[in-house]
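Engineer: Got a structure for you, my_file35.pdb, holding PDB, C-alpha atoms.
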```
ATOM      1  CA  MET A 280      88.923 118.250  71.898
ATOM      2  CA  GLU A 281      88.757 116.275  68.690
ATOM      3  CA  GLU A 282      85.770 113.945  68.623
ATOM      4  CA  GLY A 283      86.855 110.346  68.945
ATOM      5  CA  LYS A 284      90.369 111.223  70.100
ATOM      6  CA  PRO A 285      91.488 109.026  73.009
ATOM      7  CA  PHE A 286      92.288 110.487  76.417
ATOM      8  CA  HIS A 287      95.532 109.055  77.786
ATOM      9  CA  VAL A 288      96.254 108.664  81.500
ATOM     10  CA  LEU A 289      99.494 107.704  83.272
ATOM     11  CA  SER A 290      98.968 106.236  86.759
ATOM     12  CA  LEU A 291     101.885 105.577  89.118
ATOM     13  CA  THR A 292     101.581 103.349  92.186
ATOM     14  CA  GLY A 293     103.135 103.980  95.610
ATOM     15  CA  GLY A 294     105.692 101.642  97.155
ATOM     16  CA  GLY A 295     108.573 103.403  98.901
ATOM     17  CA  PHE A 296     112.002 102.715  97.429
ATOM     18  CA  ARG A 297     110.374 100.279  95.016
ATOM     19  CA  GLY A 298     109.553 103.442  93.066
ATOM     20  CA  LEU A 299     112.979 102.884  91.506
ATOM     21  CA  TYR A 300     111.263 100.124  89.503
ATOM     22  CA  THR A 301     108.684 102.623  88.236
ATOM     23  CA  ALA A 302     111.341 105.178  87.321
ATOM     24  CA  ARG A 303     113.234 102.573  85.305
ATOM     25  CA  VAL A 304     110.071 101.606  83.413
ATOM     26  CA  LEU A 305     109.425 105.272  82.625
ATOM     27  CA  GLN A 306     113.029 105.709  81.519
ATOM     28  CA  GLU A 307     112.648 102.915  78.956
ATOM     29  CA  LEU A 308     109.367 104.341  77.698
ATOM     30  CA  GLU A 309     110.867 107.814  77.500
ATOM     31  CA  GLN A 310     113.811 106.589  75.446
ATOM     32  CA  ARG A 311     111.502 104.773  73.054
ATOM     33  CA  ALA A 312     109.209 107.816  72.720
ATOM     34  CA  GLY A 313     112.149 110.143  72.068
ATOM     35  CA  ARG A 314     110.671 112.867  74.279
ATOM     36  CA  PRO A 315     109.784 113.452  77.951
ATOM     37  CA  ILE A 316     107.249 110.794  78.861
ATOM     38  CA  GLY A 317     104.808 113.376  80.245
ATOM     39  CA  GLN A 318     104.300 114.722  76.740
ATOM     40  CA  CYS A 319     102.481 111.492  75.864
ATOM     41  CA  PHE A 320      99.623 111.888  78.369
ATOM     42  CA  ASP A 321      96.605 114.080  79.008
ATOM     43  CA  LEU A 322      96.515 113.351  82.753
ATOM     44  CA  ILE A 323      99.112 112.086  85.236
ATOM     45  CA  ALA A 324      98.231 110.493  88.587
ATOM     46  CA  GLY A 325     100.574 109.317  91.318
ATOM     47  CA  THR A 326     100.480 108.297  94.969
ATOM     48  CA  SER A 327     103.285 108.446  97.547
ATOM     49  CA  ILE A 328     106.569 107.782  95.699
ATOM     50  CA  GLY A 329     104.391 107.503  92.594
ATOM     51  CA  GLY A 330     103.186 111.013  93.393
ATOM     52  CA  ILE A 331     106.747 112.310  93.518
ATOM     53  CA  LEU A 332     107.420 110.605  90.196
ATOM     54  CA  ALA A 333     104.193 112.039  88.754
ATOM     55  CA  LEU A 334     105.361 115.523  89.715
ATOM     56  CA  ALA A 335     108.692 114.896  87.983
ATOM     57  CA  VAL A 336     106.864 113.667  84.877
ATOM     58  CA  ALA A 337     104.587 116.727  84.887
ATOM     59  CA  PHE A 338     107.661 118.984  84.847
ATOM     60  CA  ASP A 339     109.346 116.994  82.048
ATOM     61  CA  ARG A 340     112.225 116.001  84.322
ATOM     62  CA  PRO A 341     114.421 113.337  82.661
ATOM     63  CA  MET A 342     114.077 109.901  84.203
ATOM     64  CA  ASP A 343     117.871 109.526  84.039
ATOM     65  CA  VAL A 344     118.097 112.304  86.649
ATOM     66  CA  VAL A 345     115.368 110.723  88.768
ATOM     67  CA  ILE A 346     117.042 107.306  88.827
ATOM     68  CA  SER A 347     120.403 108.815  89.751
ATOM     69  CA  ALA A 348     118.776 110.731  92.601
ATOM     70  CA  PHE A 349     117.026 107.612  93.895
ATOM     71  CA  ARG A 350     120.259 105.662  93.934
ATOM     72  CA  GLU A 351     122.213 108.482  95.577
ATOM     73  CA  PHE A 352     119.704 109.509  98.231
ATOM     74  CA  GLY A 353     117.926 106.192  98.887
ATOM     75  CA  PRO A 354     120.381 105.004 101.569
ATOM     76  CA  LYS A 355     120.178 108.431 103.220
ATOM     77  CA  ILE A 356     116.378 108.558 103.191
ATOM     78  CA  PHE A 357     115.969 105.094 104.680
ATOM     79  CA  ARG A 358     118.564 105.390 107.438
ATOM     80  CA  PRO A 359     116.964 104.377 110.776
ATOM     81  CA  LYS A 360     117.296 106.811 113.661
ATOM     82  CA  GLY A 361     117.802 104.129 116.310
ATOM     83  CA  ASN A 362     116.753 100.744 117.643
ATOM     84  CA  LEU A 363     113.272 101.956 118.619
ATOM     85  CA  ALA A 364     112.664 103.906 115.409
ATOM     86  CA  GLY A 365     109.198 103.141 114.129
ATOM     87  CA  LEU A 366     107.924 102.240 117.590
ATOM     88  CA  THR A 367     108.189 105.443 119.618
ATOM     89  CA  SER A 368     108.699 107.853 116.699
ATOM     90  CA  SER A 369     108.764 107.835 112.915
ATOM     91  CA  LYS A 370     111.311 105.396 111.541
ATOM     92  CA  TYR A 371     112.955 107.947 109.244
ATOM     93  CA  ASP A 372     113.506 111.702 109.072
ATOM     94  CA  THR A 373     112.102 113.934 106.335
ATOM     95  CA  GLU A 374     115.219 115.945 105.488
ATOM     96  CA  PRO A 375     116.842 113.415 103.096
ATOM     97  CA  LEU A 376     113.490 113.011 101.320
ATOM     98  CA  CYS A 377     113.365 116.792 100.914
ATOM     99  CA  ALA A 378     116.835 116.633  99.369
ATOM    100  CA  VAL A 379     115.786 114.155  96.694
ATOM    101  CA  VAL A 380     112.646 116.200  95.966
ATOM    102  CA  ASP A 381     114.813 119.300  95.479
ATOM    103  CA  THR A 382     117.040 117.310  93.120
ATOM    104  CA  ILE A 383     114.324 115.995  90.825
ATOM    105  CA  LEU A 384     111.828 118.898  90.980
ATOM    106  CA  PRO A 385     112.306 122.620  90.294
ATOM    107  CA  VAL A 386     113.138 124.357  93.575
ATOM    108  CA  GLY A 387     110.429 126.820  94.561
ATOM    109  CA  ALA A 388     107.949 125.585  91.951
ATOM    110  CA  THR A 389     104.227 125.309  92.681
ATOM    111  CA  LEU A 390     101.501 123.178  91.131
ATOM    112  CA  ALA A 391     100.664 126.202  88.987
ATOM    113  CA  ASP A 392     104.019 125.682  87.221
ATOM    114  CA  ALA A 393     103.320 122.075  86.203
ATOM    115  CA  ARG A 394     103.217 121.456  82.460
ATOM    116  CA  ARG A 395     100.737 118.585  82.611
ATOM    117  CA  PRO A 396      97.471 117.998  84.514
ATOM    118  CA  LEU A 397      98.044 116.187  87.802
ATOM    119  CA  VAL A 398      96.059 114.375  90.482
ATOM    120  CA  ILE A 399      97.948 113.473  93.676
ATOM    121  CA  PRO A 400      96.068 111.612  96.458
ATOM    122  CA  ALA A 401      96.847 112.463 100.090
ATOM    123  CA  LEU A 402      95.004 111.851 103.367
ATOM    124  CA  ASN A 403      94.013 115.025 105.210
ATOM    125  CA  LEU A 404      94.304 114.141 108.904
ATOM    126  CA  THR A 405      92.907 117.500 109.986
ATOM    127  CA  THR A 406      89.585 116.974 108.214
ATOM    128  CA  GLY A 407      89.689 113.182 108.431
ATOM    129  CA  ARG A 408      89.018 112.879 104.701
ATOM    130  CA  GLN A 409      90.873 111.968 101.551
ATOM    131  CA  GLN A 410      92.073 114.918  99.468
ATOM    132  CA  ILE A 411      93.148 114.913  95.830
ATOM    133  CA  LEU A 412      95.719 117.635  95.179
ATOM    134  CA  LYS A 413      95.323 118.914  91.624
ATOM    135  CA  THR A 414      96.604 121.257  89.004
ATOM    136  CA  ARG A 415      94.211 123.851  87.645
ATOM    137  CA  HIS A 416      92.577 121.833  84.889
ATOM    138  CA  ASN A 417      89.252 123.379  85.820
ATOM    139  CA  ALA A 418      88.864 127.151  85.527
ATOM    140  CA  GLU A 419      87.204 127.428  88.945
ATOM    141  CA  TRP A 420      89.959 125.643  90.858
ATOM    142  CA  THR A 421      92.451 127.952  92.549
ATOM    143  CA  ARG A 422      93.102 126.304  95.931
ATOM    144  CA  ASP A 423      95.918 123.881  95.089
ATOM    145  CA  SER A 424      97.821 125.926  92.508
ATOM    146  CA  LYS A 425      99.634 127.897  95.196
ATOM    147  CA  TYR A 426     101.035 124.797  96.927
ATOM    148  CA  SER A 427     104.729 124.156  96.449
ATOM    149  CA  VAL A 428     105.609 120.896  94.771
ATOM    150  CA  LYS A 429     107.791 120.012  97.768
ATOM    151  CA  GLU A 430     104.815 120.369 100.128
ATOM    152  CA  VAL A 431     102.655 118.247  97.834
ATOM    153  CA  ALA A 432     105.371 115.596  97.554
ATOM    154  CA  LEU A 433     105.744 115.323 101.339
ATOM    155  CA  ALA A 434     101.964 115.262 101.844
ATOM    156  CA  THR A 435     101.377 112.308  99.525
ATOM    157  CA  ALA A 436     104.470 110.415 100.746
ATOM    158  CA  GLY A 437     104.081 110.807 104.519
ATOM    159  CA  ALA A 438     103.695 107.087 105.231
ATOM    160  CA  PRO A 439     102.651 106.462 108.869
ATOM    161  CA  ILE A 440     105.376 104.881 111.018
ATOM    162  CA  TYR A 441     107.940 105.470 108.270
ATOM    163  CA  PHE A 442     107.857 109.301 108.024
ATOM    164  CA  PRO A 443     106.575 112.205 110.135
ATOM    165  CA  ILE A 444     103.124 113.636 109.495
ATOM    166  CA  ALA A 445     103.336 116.333 106.806
ATOM    167  CA  SER A 446     101.950 119.855 106.969
ATOM    168  CA  LEU A 447     100.285 121.664 104.085
ATOM    169  CA  ASP A 448      98.299 124.893 104.331
ATOM    170  CA  ASN A 449      98.239 124.568 108.150
ATOM    171  CA  GLN A 450      96.678 121.118 107.884
ATOM    172  CA  LEU A 451      98.114 117.690 108.641
ATOM    173  CA  PHE A 452      98.587 115.093 105.903
ATOM    174  CA  ALA A 453      99.580 111.435 105.602
ATOM    175  CA  ASP A 454     100.387 109.130 102.714
ATOM    176  CA  GLY A 455      97.767 108.916  99.962
ATOM    177  CA  GLY A 456      98.516 105.210  99.803
ATOM    178  CA  LEU A 457      96.269 104.758 102.841
ATOM    179  CA  PHE A 458      93.286 104.936 100.475
ATOM    180  CA  ALA A 459      94.647 104.983  96.905
ATOM    181  CA  ASN A 460      98.047 103.324  96.690
ATOM    182  CA  ALA A 461      97.264 102.589  93.040
ATOM    183  CA  PRO A 462      95.557 105.837  91.939
ATOM    184  CA  ASP A 463      94.007 104.290  88.835
ATOM    185  CA  LEU A 464      90.437 104.606  90.086
ATOM    186  CA  VAL A 465      91.048 108.194  91.237
ATOM    187  CA  ALA A 466      92.428 109.032  87.795
ATOM    188  CA  LEU A 467      89.532 107.353  85.982
ATOM    189  CA  HIS A 468      87.023 109.294  88.081
ATOM    190  CA  GLU A 469      88.889 112.505  87.282
ATOM    191  CA  ALA A 470      88.811 111.756  83.555
ATOM    192  CA  SER A 471      85.095 111.033  83.694
ATOM    193  CA  LYS A 472      83.854 113.701  86.106
ATOM    194  CA  PHE A 473      86.106 116.659  85.354
ATOM    195  CA  PHE A 474      87.382 116.039  81.810
ATOM    196  CA  GLY A 475      84.056 114.709  80.526
ATOM    197  CA  GLN A 476      85.611 111.572  79.071
ATOM    198  CA  PRO A 477      83.551 108.398  78.601
ATOM    199  CA  ASP A 478      85.260 105.153  79.586
ATOM    200  CA  SER A 479      85.424 104.221  75.901
ATOM    201  CA  ALA A 480      87.769 107.169  75.254
ATOM    202  CA  VAL A 481      90.137 106.551  78.197
ATOM    203  CA  ARG A 482      93.399 104.691  77.735
ATOM    204  CA  MET A 483      95.380 104.207  80.952
ATOM    205  CA  LEU A 484      98.981 103.103  81.379
ATOM    206  CA  SER A 485      99.435 101.967  84.966
ATOM    207  CA  VAL A 486     102.917 101.299  86.371
ATOM    208  CA  GLY A 487     103.353  99.404  89.625
ATOM    209  CA  THR A 488     106.107  98.859  92.176
ATOM    210  CA  LEU A 489     106.127  95.051  92.489
ATOM    211  CA  SER A 490     103.716  95.470  95.414
ATOM    212  CA  SER A 491     100.336  94.316  94.123
ATOM    213  CA  THR A 492     100.092  91.315  96.440
ATOM    214  CA  TYR A 493     101.028  90.512 100.023
ATOM    215  CA  ALA A 494     100.293  86.992 101.187
ATOM    216  CA  LEU A 495     100.919  84.989 104.343
ATOM    217  CA  PRO A 496     102.018  81.337 104.470
ATOM    218  CA  ALA A 497      99.740  78.612 105.822
ATOM    219  CA  SER A 498     102.063  78.262 108.825
ATOM    220  CA  THR A 499     101.216  81.812 109.965
ATOM    221  CA  TYR A 500     100.325  82.174 113.651
ATOM    222  CA  ARG A 501      96.547  82.653 113.599
ATOM    223  CA  LYS A 502      95.979  84.478 116.906
ATOM    224  CA  ARG A 503      97.903  87.549 115.898
ATOM    225  CA  GLY A 504      97.914  90.581 118.151
ATOM    226  CA  VAL A 505      99.305  94.096 117.867
ATOM    227  CA  TRP A 506     102.915  92.956 117.868
ATOM    228  CA  GLN A 507     102.498  90.289 115.190
ATOM    229  CA  TRP A 508     100.541  92.606 112.888
ATOM    230  CA  LEU A 509     102.692  95.704 113.406
ATOM    231  CA  ARG A 510     106.105  94.276 114.149
ATOM    232  CA  PRO A 511     109.029  95.987 112.396
ATOM    233  CA  PRO A 512     110.594  95.998 109.948
ATOM    234  CA  GLU A 513     107.829  94.543 107.702
ATOM    235  CA  PHE A 514     104.719  95.968 109.463
ATOM    236  CA  PRO A 515     102.510  93.193 107.977
ATOM    237  CA  LEU A 516      99.200  94.966 108.588
ATOM    238  CA  ILE A 517     100.286  97.987 106.543
ATOM    239  CA  GLN A 518     101.533  95.762 103.728
ATOM    240  CA  THR A 519      98.251  93.837 103.749
ATOM    241  CA  ILE A 520      96.095  96.979 103.629
ATOM    242  CA  LEU A 521      98.121  98.566 100.815
ATOM    243  CA  ALA A 522      98.025  95.442  98.668
ATOM    244  CA  ALA A 523      94.328  94.738  99.278
ATOM    245  CA  GLN A 524      92.995  98.186  98.378
ATOM    246  CA  GLN A 525      95.433  98.371  95.468
ATOM    247  CA  GLN A 526      94.042  95.150  94.019
ATOM    248  CA  PHE A 527      90.483  96.384  94.559
ATOM    249  CA  SER A 528      91.138  99.631  92.672
ATOM    250  CA  LEU A 529      92.916  97.885  89.820
ATOM    251  CA  GLN A 530      90.160  95.314  89.406
ATOM    252  CA  ILE A 531      87.436  97.959  89.099
ATOM    253  CA  VAL A 532      89.422  99.950  86.529
ATOM    254  CA  GLU A 533      90.247  96.822  84.545
ATOM    255  CA  HIS A 534      86.559  95.913  84.433
ATOM    256  CA  ARG A 535      85.593  99.387  83.254
ATOM    257  CA  LEU A 536      88.345  99.944  80.683
ATOM    258  CA  GLY A 537      89.063  96.421  79.484
ATOM    259  CA  ASP A 538      91.913  96.503  76.967
ATOM    260  CA  GLY A 539      92.132 100.249  77.553
ATOM    261  CA  HIS A 540      93.915  99.548  80.847
ATOM    262  CA  VAL A 541      97.554  98.494  80.457
ATOM    263  CA  ARG A 542      99.460  97.524  83.609
ATOM    264  CA  ILE A 543     103.242  97.151  83.805
ATOM    265  CA  ASP A 544     104.079  95.387  87.054
ATOM    266  CA  GLY A 545     105.060  91.985  88.363
ATOM    267  CA  GLN A 546     105.929  89.871  91.354
ATOM    268  CA  PRO A 547     109.575  89.392  92.384
ATOM    269  CA  PRO A 548     110.767  85.780  92.098
ATOM    270  CA  ASP A 549     110.990  83.962  95.444
ATOM    271  CA  ALA A 550     114.780  83.920  95.225
ATOM    272  CA  VAL A 551     115.018  87.721  95.366
ATOM    273  CA  MET A 552     111.848  88.516  97.354
ATOM    274  CA  GLY A 553     113.942  89.299 100.435
ATOM    275  CA  ASP A 554     115.867  91.986  98.545
ATOM    276  CA  VAL A 555     112.761  94.042  97.733
ATOM    277  CA  GLY A 556     110.796  96.175 100.175
ATOM    278  CA  LEU A 557     109.428  99.618 100.991
ATOM    279  CA  ASP A 558     112.693 100.657 102.634
ATOM    280  CA  LYS A 559     115.243  98.186 101.291
ATOM    281  CA  VAL A 560     117.918 100.226  99.512
ATOM    282  CA  SER A 561     120.939  97.931  99.250
ATOM    283  CA  LEU A 562     122.827  97.578  95.986
ATOM    284  CA  GLU A 563     121.260  94.126  95.656
ATOM    285  CA  SER A 564     117.798  95.656  96.006
ATOM    286  CA  GLN A 565     118.588  98.316  93.417
ATOM    287  CA  GLU A 566     119.835  95.759  90.929
ATOM    288  CA  VAL A 567     116.719  93.607  91.382
ATOM    289  CA  LEU A 568     114.383  96.583  90.906
ATOM    290  CA  LEU A 569     116.213  97.907  87.856
ATOM    291  CA  GLY A 570     116.591  94.471  86.312
ATOM    292  CA  LEU A 571     112.959  93.446  86.736
ATOM    293  CA  ALA A 572     111.772  96.815  85.423
ATOM    294  CA  ALA A 573     113.892  96.457  82.297
ATOM    295  CA  LYS A 574     112.585  92.925  81.754
ATOM    296  CA  HIS A 575     108.917  93.758  82.290
ATOM    297  CA  VAL A 576     108.895  96.836  80.073
ATOM    298  CA  THR A 577     110.859  95.073  77.334
ATOM    299  CA  ASP A 578     108.190  92.372  77.256
ATOM    300  CA  VAL A 579     105.495  94.893  76.274
ATOM    301  CA  ILE A 580     107.156  97.984  74.823
ATOM    302  CA  GLY A 581     106.845  96.800  71.228
ATOM    303  CA  THR A 582     103.152  95.976  71.484
ATOM    304  CA  GLU A 583     100.474  98.138  69.928
ATOM    305  CA  ARG A 584      98.833  98.639  73.323
ATOM    306  CA  VAL A 585     101.950 100.416  74.640
ATOM    307  CA  GLN A 586     102.979 102.093  71.397
ATOM    308  CA  GLN A 587      99.661 103.942  71.298
ATOM    309  CA  PHE A 588     100.710 105.876  74.400
ATOM    310  CA  LEU A 589     104.131 106.814  73.047
ATOM    311  CA  ALA A 590     102.643 108.195  69.820
ATOM    312  CA  HIS A 591      99.896 110.228  71.508
ATOM    313  CA  SER A 592      99.582 114.018  71.276
ATOM    314  CA  PRO A 593      97.710 115.239  74.375
ATOM    315  CA  GLY A 594      95.246 118.104  74.481
ATOM    316  CA  GLN A 595      95.763 121.471  76.160
ATOM    317  CA  TRP A 596      93.933 121.227  79.460
ATOM    318  CA  LEU A 597      95.601 123.572  81.947
ATOM    319  CA  TYR A 598      94.355 127.050  82.806
ATOM    320  CA  THR A 599      96.959 129.721  83.410
ATOM    321  CA  GLU A 600      96.918 131.840  86.556
ATOM    322  CA  ASN A 601      95.439 135.317  86.236
TER
END
```
Now that the file is in, can you turn its structure into structure tokens?

Structural biologist:
Amino acid sequence: MEEGKPFHVLSLTGGGFRGLYTARVLQELEQRAGRPIGQCFDLIAGTSIGGILALAVAFDRPMDVVISAFREFGPKIFRPKGNLAGLTSSKYDTEPLCAVVDTILPVGATLADARRPLVIPALNLTTGRQQILKTRHNAEWTRDSKYSVKEVALATAGAPIYFPIASLDNQLFADGGLFANAPDLVALHEASKFFGQPDSAVRMLSVGTLSSTYALPASTYRKRGVWQWLRPPEFPLIQTILAAQQQFSLQIVEHRLGDGHVRIDGQPPDAVMGDVGLDKVSLESQEVLLGLAAKHVTDVIGTERVQQFLAHSPGQWLYTEN
């Protein structure tokens, strides 16, 4: 690596169908860069739907294709199975999610085929520990390379209540968003520990899903029990946990990187808040997500802080399989 050359990281937050917002931001950046957006970064991190998007980015899949797939398959993915769905069984089936993964990722591909270094958080329920699924950007790592990208996608996106528990290498996995919905801190640790990059060299572009905060009104019933905290369709406790640990991760990374951390995200206006959610896929929801993404990225795309990413030439970090 050239001394003094910055190390660029792309970090993509989880958020269910709100990942359409992220895809639209990436589409705008890709068009401005004039090349696949993955070619602008040394490391790509993503959790849950952000993990699926990170996989697409690491394979240089056009964001136009990703957005079309989201809009086509979204209503099929988030189609409830019945009135008790989410209470006595997972709210949604996995098959439509598999279909969108097959549309935006190379069928049969493994992590060994990725063109860019990746870190994908998932929660290993068999070991009871977090697990970061990675490409082989360290010569000694061989475990994850054999995993199919579909298996990795389902492992990081297996949100409890919403989707069935995933299986990978005869182990059970749930959504990485349970501990790293915004994988910024995971990515920064990876850059420091395994790429040998000091914080001063790291530049991180973090893209959200309009999900950084979840607040309750003052009129909220204070003596909440299981039903009030876990009632469908919002599942307030899950929303609270995701937003809280996301804010915690972002704050630490912002403190460490300062101006080297660029976040593209926002909060939906009150008038359209009801149209946006983890599993809200109506045409109104799609228009809100696409419109806000276009607005937020347009506000910053001409700035030097964003242009530095689009002009970057990443290093060669991946080891080939023997």

Engineer: Counting all atoms listed in the file, which of A:Val345, A:Ala523, A:Leu322, A:Ala312 gets nearest to Ser471 (chain A)?

Structural biologist: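 Of A:Val345, A:Ala523, A:Leu322, A:Ala312, the one nearest Ser471 (chain A) is A:Leu322, counting all atoms listed in the file.
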
Engineer: Is there a way to get, as an mmCIF file with C-alpha atoms, in the frame of the given file, all residues within 12 Å of the point (101.4, 97.7, 96.3) in file coordinates, counting all atoms listed in the file?

Structural biologist:
```
data_model
loop_
_atom_site.group_PDB
_atom_site.id
_atom_site.type_symbol
_atom_site.label_atom_id
_atom_site.label_comp_id
_atom_site.auth_asym_id
_atom_site.auth_seq_id
_atom_site.Cartn_x
_atom_site.Cartn_y
_atom_site.Cartn_z
ATOM 1 C CA LEU A 291 101.885 105.577 89.118
ATOM 2 C CA THR A 292 101.581 103.349 92.186
ATOM 3 C CA GLY A 293 103.135 103.980 95.610
ATOM 4 C CA GLY A 294 105.692 101.642 97.155
ATOM 5 C CA GLY A 295 108.573 103.403 98.901
ATOM 6 C CA PHE A 296 112.002 102.715 97.429
ATOM 7 C CA ARG A 297 110.374 100.279 95.016
ATOM 8 C CA GLY A 298 109.553 103.442 93.066
ATOM 9 C CA THR A 301 108.684 102.623 88.236
ATOM 10 C CA THR A 326 100.480 108.297 94.969
ATOM 11 C CA SER A 327 103.285 108.446 97.547
ATOM 12 C CA ILE A 328 106.569 107.782 95.699
ATOM 13 C CA GLY A 329 104.391 107.503 92.594
ATOM 14 C CA GLY A 456 98.516 105.210 99.803
ATOM 15 C CA LEU A 457 96.269 104.758 102.841
ATOM 16 C CA PHE A 458 93.286 104.936 100.475
ATOM 17 C CA ALA A 459 94.647 104.983 96.905
ATOM 18 C CA ASN A 460 98.047 103.324 96.690
ATOM 19 C CA ALA A 461 97.264 102.589 93.040
ATOM 20 C CA PRO A 462 95.557 105.837 91.939
ATOM 21 C CA VAL A 486 102.917 101.299 86.371
ATOM 22 C CA GLY A 487 103.353 99.404 89.625
ATOM 23 C CA THR A 488 106.107 98.859 92.176
ATOM 24 C CA LEU A 489 106.127 95.051 92.489
ATOM 25 C CA SER A 490 103.716 95.470 95.414
ATOM 26 C CA SER A 491 100.336 94.316 94.123
ATOM 27 C CA THR A 492 100.092 91.315 96.440
ATOM 28 C CA TYR A 493 101.028 90.512 100.023
ATOM 29 C CA ALA A 494 100.293 86.992 101.187
ATOM 30 C CA ILE A 517 100.286 97.987 106.543
ATOM 31 C CA GLN A 518 101.533 95.762 103.728
ATOM 32 C CA THR A 519 98.251 93.837 103.749
ATOM 33 C CA ILE A 520 96.095 96.979 103.629
ATOM 34 C CA LEU A 521 98.121 98.566 100.815
ATOM 35 C CA ALA A 522 98.025 95.442 98.668
ATOM 36 C CA ALA A 523 94.328 94.738 99.278
ATOM 37 C CA GLN A 524 92.995 98.186 98.378
ATOM 38 C CA GLN A 525 95.433 98.371 95.468
ATOM 39 C CA GLN A 526 94.042 95.150 94.019
ATOM 40 C CA PHE A 527 90.483 96.384 94.559
ATOM 41 C CA SER A 528 91.138 99.631 92.672
ATOM 42 C CA LEU A 529 92.916 97.885 89.820
ATOM 43 C CA ASP A 544 104.079 95.387 87.054
ATOM 44 C CA GLY A 545 105.060 91.985 88.363
ATOM 45 C CA GLN A 546 105.929 89.871 91.354
ATOM 46 C CA GLY A 556 110.796 96.175 100.175
ATOM 47 C CA LEU A 557 109.428 99.618 100.991
#
```

Engineer: Could you check which of A:Lys502, A:Ile346, A:Ala480, A:Ile399 is closest to Glu307 (chain A), using only C-alpha atoms?

Structural biologist: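 Of A:Lys502, A:Ile346, A:Ala480, A:Ile399, the one nearest Glu307 (chain A), counting only C-alpha atoms, is A:Ile346.
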
Engineer: Might you spell out which residues the PyMOL selection byres ((chain A and resi 425-431) around 8) would select in the displayed file, as a VMD selection string?

Structural biologist: chain A and resid 334 377 380 to 381 384 387 to 391 399 412 421 to 424 432 to 435 445 to 448

Engineer: Using all atoms listed in the file, which residues sit within 8 Å of region 438-440 of chain A once same-chain residues fewer than 3 positions away are excluded, as an NGL selection string?

Structural biologist: :A and (327 or 365-366 or 368-370 or 443-444 or 453-454 or 456)

Engineer: The selected residues should be written to file as an mmCIF file, in the coordinates of the input (atoms: C-alpha atoms).

Structural biologist:
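This went into out04.cif:
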```cif
data_model
loop_
_atom_site.group_PDB
_atom_site.id
_atom_site.type_symbol
_atom_site.label_atom_id
_atom_site.label_comp_id
_atom_site.auth_asym_id
_atom_site.auth_seq_id
_atom_site.Cartn_x
_atom_site.Cartn_y
_atom_site.Cartn_z
ATOM 1 C CA SER A 327 103.285 108.446 97.547
ATOM 2 C CA GLY A 365 109.198 103.141 114.129
ATOM 3 C CA LEU A 366 107.924 102.240 117.590
ATOM 4 C CA SER A 368 108.699 107.853 116.699
ATOM 5 C CA SER A 369 108.764 107.835 112.915
ATOM 6 C CA LYS A 370 111.311 105.396 111.541
ATOM 7 C CA PRO A 443 106.575 112.205 110.135
ATOM 8 C CA ILE A 444 103.124 113.636 109.495
ATOM 9 C CA ALA A 453 99.580 111.435 105.602
ATOM 10 C CA ASP A 454 100.387 109.130 102.714
ATOM 11 C CA GLY A 456 98.516 105.210 99.803
#
```

Engineer: List the residues selected by the PyMOL selection byres ((chain A and resi 576) around 12) in the file shown, writing them as an mmCIF file with C-alpha atoms, keeping the file's coordinate frame.

Structural biologist:
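Final file, result21.cif:
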```cif
data_model
loop_
_atom_site.group_PDB
_atom_site.id
_atom_site.type_symbol
_atom_site.label_atom_id
_atom_site.label_comp_id
_atom_site.auth_asym_id
_atom_site.auth_seq_id
_atom_site.Cartn_x
_atom_site.Cartn_y
_atom_site.Cartn_z
ATOM 1 C CA TYR A 300 111.263 100.124 89.503
ATOM 2 C CA THR A 301 108.684 102.623 88.236
ATOM 3 C CA ALA A 302 111.341 105.178 87.321
ATOM 4 C CA ARG A 303 113.234 102.573 85.305
ATOM 5 C CA VAL A 304 110.071 101.606 83.413
ATOM 6 C CA LEU A 305 109.425 105.272 82.625
ATOM 7 C CA GLN A 306 113.029 105.709 81.519
ATOM 8 C CA GLU A 307 112.648 102.915 78.956
ATOM 9 C CA LEU A 308 109.367 104.341 77.698
ATOM 10 C CA GLU A 309 110.867 107.814 77.500
ATOM 11 C CA GLN A 310 113.811 106.589 75.446
ATOM 12 C CA ARG A 311 111.502 104.773 73.054
ATOM 13 C CA LEU A 484 98.981 103.103 81.379
ATOM 14 C CA SER A 485 99.435 101.967 84.966
ATOM 15 C CA VAL A 486 102.917 101.299 86.371
ATOM 16 C CA GLY A 487 103.353 99.404 89.625
ATOM 17 C CA VAL A 541 97.554 98.494 80.457
ATOM 18 C CA ARG A 542 99.460 97.524 83.609
ATOM 19 C CA ILE A 543 103.242 97.151 83.805
ATOM 20 C CA ASP A 544 104.079 95.387 87.054
ATOM 21 C CA GLY A 545 105.060 91.985 88.363
ATOM 22 C CA LEU A 569 116.213 97.907 87.856
ATOM 23 C CA GLY A 570 116.591 94.471 86.312
ATOM 24 C CA LEU A 571 112.959 93.446 86.736
ATOM 25 C CA ALA A 572 111.772 96.815 85.423
ATOM 26 C CA ALA A 573 113.892 96.457 82.297
ATOM 27 C CA LYS A 574 112.585 92.925 81.754
ATOM 28 C CA HIS A 575 108.917 93.758 82.290
ATOM 29 C CA THR A 577 110.859 95.073 77.334
ATOM 30 C CA ASP A 578 108.190 92.372 77.256
ATOM 31 C CA VAL A 579 105.495 94.893 76.274
ATOM 32 C CA ILE A 580 107.156 97.984 74.823
ATOM 33 C CA GLY A 581 106.845 96.800 71.228
ATOM 34 C CA THR A 582 103.152 95.976 71.484
ATOM 35 C CA VAL A 585 101.950 100.416 74.640
ATOM 36 C CA GLN A 586 102.979 102.093 71.397
#
```

Engineer: Assuming the chain letters and numbering stay as they are in my file, what does the PyMOL selection byres ((chain A and resi 405) around 8) actually select? List them as an MDAnalysis selection string.

Structural biologist: chainID A and resid 403:404 406:407 450:452
